[in-house]
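For reference, the structure discussed in these notes is given below.
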Amino acid sequence: MSTEEDLEFAEQTAAIKRRFDPVLTEPIPARMYLKSPGWIEYARAAVVLAAGIAIGLAIPAFEADHSQTAAMQQLPIRAARAHVVYSPEVRHPVEVDAKQQEHLVKWLSKRLDIPLKVPVLTQEGFELLGGRLLPGSDGPVAQFMYQDTAGKRLTLYVTPTKKAEQKLTSFRFAKEGNVSVFYWIDDECGYALSGELDKTTLAKVASLVYKQLES
């Protein structure tokens with residue numbers, strides 16, 4: 001770069017500094033210290049309030065759903081355990097046998113405080129042996145037992161349900177050890193059909209039970 005060009009560049013730099021350096025020392029405008037407009041604070045408060053309401057509404061729903069899920073999880077477990085305990089019995093598989101079916105239904109209906117039905121499963125090869133009263137998590141529970149000509153047994157576990165648990169689900173399947181369970185909650189009861197059968201066979205019987213109880 002020539003000496004002439006150097007001088008021209010220096011003059012331009014000096015002119016720029018004279019023009020803009022005073023801006024750096026100017027005081028900050030008073031408006032920059034002012035608070036945000038009042039409507040912004042109201043808007044923020046409204047957002048916080050809305051979020052709080054949404055969370056407050058969501059918590060009871062979550063708790064109810066959690067409670068319902070727990071109830072559904074316990075139904076097949078309790079039914080399968082009751083099946084394992086009583087189905088192997090040879091002399092005392094039931095408390096009241098099928099010869100006293102009318103008495104059995106009236107007795108269990110009274111104890112559970114709901115009208116009970118006993119499905120007829122002869123078309124699937126199972127005859128009613130009878131039933132018994134069992135303790136449940138929230139009160140008495142009924143168990144009905146069936147048997148086919150080969151000696152295989154099924155048990156229908158019936159438990160009263162709370163209003164919050166009514167009509168929670170359609171047909172569901174679970175497996176507890178060797179015991180397969182189809183279960184559902186509808187109207188006033190939770191039902192679980194248990195047996196040491198393959199899923200397809202038990203599903204056919206469960207469908208028959210479901211149809212008869214719904215009719």
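Ordered as shown in the structure tokens, chains take letters A, B, and onward, while each chain numbers its residues from 1 and ligands are numbered from 1 in the order shown.
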
- Message: Would you pick out the contacts of stretch 180-192 of chain A at 7 Å or less, using only C-alpha atoms, so that residues sharing its chain but fewer than 4 positions from it are not included, and give the list as a ChimeraX atom specification?
- Response: /A:76,79-80,156-161,166-176,196-197,199,206

- Message: I'd like the contact shell of stretch 110-127 of chain A - 9 Å cut-off, only C-alpha atoms, skipping same-chain residues fewer than 3 positions apart - returned as a ChimeraX atom specification.
- Response: /A:98,101,105-107,133,139-142,144-149,152-154,158-160,188-189,204-205,208-210,212-213

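The smallest atom-to-atom distance between A:Leu128 and any of A:His103, A:Ala150, A:Val94, A:Ala82, using only C-alpha atoms, is found for A:Val94.
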
- Check the smallest atom-to-atom distance from each of A:Val96, A:Leu134, A:Leu104, A:Val179 to A:Ile77 using only C-alpha atoms, then report the winner. A:Val179

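Our summary of the geometry notes that atom CA of A:Glu102 is positioned 22.7 Å from atom CA of A:His83.
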